[in-house]
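Okay, structure first, notes after.
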Amino acid sequence: MSDPGDALVAETIAACARTWPDVRVDQAVVAARLGRLDASGLDASRLAELCLVWACLTGDPAAQRAIDRAIHAEAQRAVTELRKPAWLVDEVHQELGQRLLVAGEGGEPRLATYAGKAALGRWLGVTAMRTALNLTRRDRPEAPLVDDEVAAALIPPELAIVRERYRTEVEAAIRAAFDSLDNPRDRNLLRLYYLEHVGLEQLGQMFGVHGSTVSRWLTALREAIVEETRGYLAERLGPAGNFADIDSLIRAVHSDLDLTLSRILGTR
């Protein structure tokens, strides 16, 4: 009587062969790798991609070429979504390949951590985006990301006068509101959206949610920051009897909060 595990091994190799006919992988390798996974929660649609990864890790040339093509495609996608120069694709491709395919001392390459919980392209895409962001930060200019003249142009003149009068207090209040966020996800989300200009859909992929959910998170964070800013300004300006100015300031904060956050995060 055959072992039920043998059927899963055969199914995995067959699934890989249907998509990548030139890939070759030893049955013992597949059996050993499957043995490390939770078979009860294994997504059958990911078997081919798992097998491809395992073949790549064992040195199969066809599998290595397929993985390299996938890495390049995701590097290109990440650079395009970040609206960065095309030359960055090669840098992301090279660095991502190094990270995923070269083993550290006494360990396996990072590619070995792929467990089929998500599509291989999505898994590579998240890693490619992080790599592109890291490379972008490394070369980021010191100049502010936002021109104050742009912010001023978006604010009604009567609000601009009040905001200019209390510019120092407003920016200190928004900084304090940002620093008061106790959830690392919220701080990272704001940095990625305002500083790195990552789009909603890509953020959704990075955080494992739909883009509309990210939009709701950002709306809630904006409101939280405005309310924290209101409290800070009331504490600082209230004793001087400037409550009417506080209402005007809050309207000004609403008008250019996105630009102010971009500038503040760009100097942190």
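Chains: A, B, ... in order of the structure tokens. Residues: from 1 per chain. Ligands: from 1, in order shown.
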Write out as a ChimeraX atom specification the residues lying within 9 Å of Ala128 of chain A, counting only C-alpha atoms and excluding same-chain residues fewer than 2 positions away.
-> /A:71,74-79,92-93,96,123-126,130-133
At what distance in Å, to one decimal, does atom CA of Arg185 of chain A lie from atom CA of Tyr232 of chain A?
->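 Atom CA of Tyr232 of chain A sits 23.2 Å away from atom CA of Arg185 of chain A.
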For Ala66 of chain A, which of A:Glu105, A:Asp22, A:Glu95, A:Glu81 is the closest residue, counting only C-alpha atoms?
-> A:Asp22
Could you give me, as a ChimeraX atom specification, the residues within 9 Å of Glu169 of chain A, counting only C-alpha atoms and dropping anything in the same chain fewer than 5 positions from it?
-> /A:174,232-233,236-237
I need the residues from that last selection saved to file as a PDB file, in the first residue's frame (with C-alpha atoms), if you can.
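Writing the result to result16.pdb gives the following:
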ATOM      1  CA  ILE A 174       2.020  67.892  14.430  1.00  0.00           C
ATOM      2  CA  TYR A 232      -1.514  70.588  21.873  1.00  0.00           C
ATOM      3  CA  LEU A 233      -2.356  74.008  20.426  1.00  0.00           C
ATOM      4  CA  ARG A 236      -0.020  76.175  24.275  1.00  0.00           C
ATOM      5  CA  LEU A 237      -2.205  79.028  22.990  1.00  0.00           C
TER       6      LEU A 237
END
Which neighbours of segment 214-220 of chain A fall inside 10 Å, counting only C-alpha atoms, when residues of the same chain fewer than 4 positions from it are skipped, and could you give them as a ChimeraX atom specification?
-> /A:186,189-190,193,199-205,207-210,224-226
Go through A:Arg83, A:Leu120, A:Gly5, A:Tyr194 and flag the residue nearest Ile67 of chain A, using only C-alpha atoms for the distances.
->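 The closest residue to Ile67 of chain A is A:Leu120.
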Step one, run DSSP on the backbone; step two, keep only residues of segment 50-114 of chain A assigned to helix (DSSP H, G or I); then write them as number ranges by chain.
-> A: 50-57, 61-81, 88-101, 110-113
Long-range neighbours of Ala55 of chain A as number ranges by chain, 12 Å cut-off, only C-alpha atoms, 3 positions minimum in chain | A: 12-13, 16-17, 20, 22-30, 33, 48-52, 58-67, 111-112
Could you tell me which of A:Arg18, A:Leu82, A:Asp179, A:Ala7 comes closest to Leu192 of chain A if we count only C-alpha atoms?
->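 Ranking A:Arg18, A:Leu82, A:Asp179, A:Ala7 by distance to Leu192 of chain A, first place goes to A:Leu82.
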Could you please determine the separation between atom CA of Asn188 of chain A and atom CA of Leu88 of chain A in Å, to one decimal place?
->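 Separation of atom CA of Asn188 of chain A and atom CA of Leu88 of chain A: 22.7 Å.
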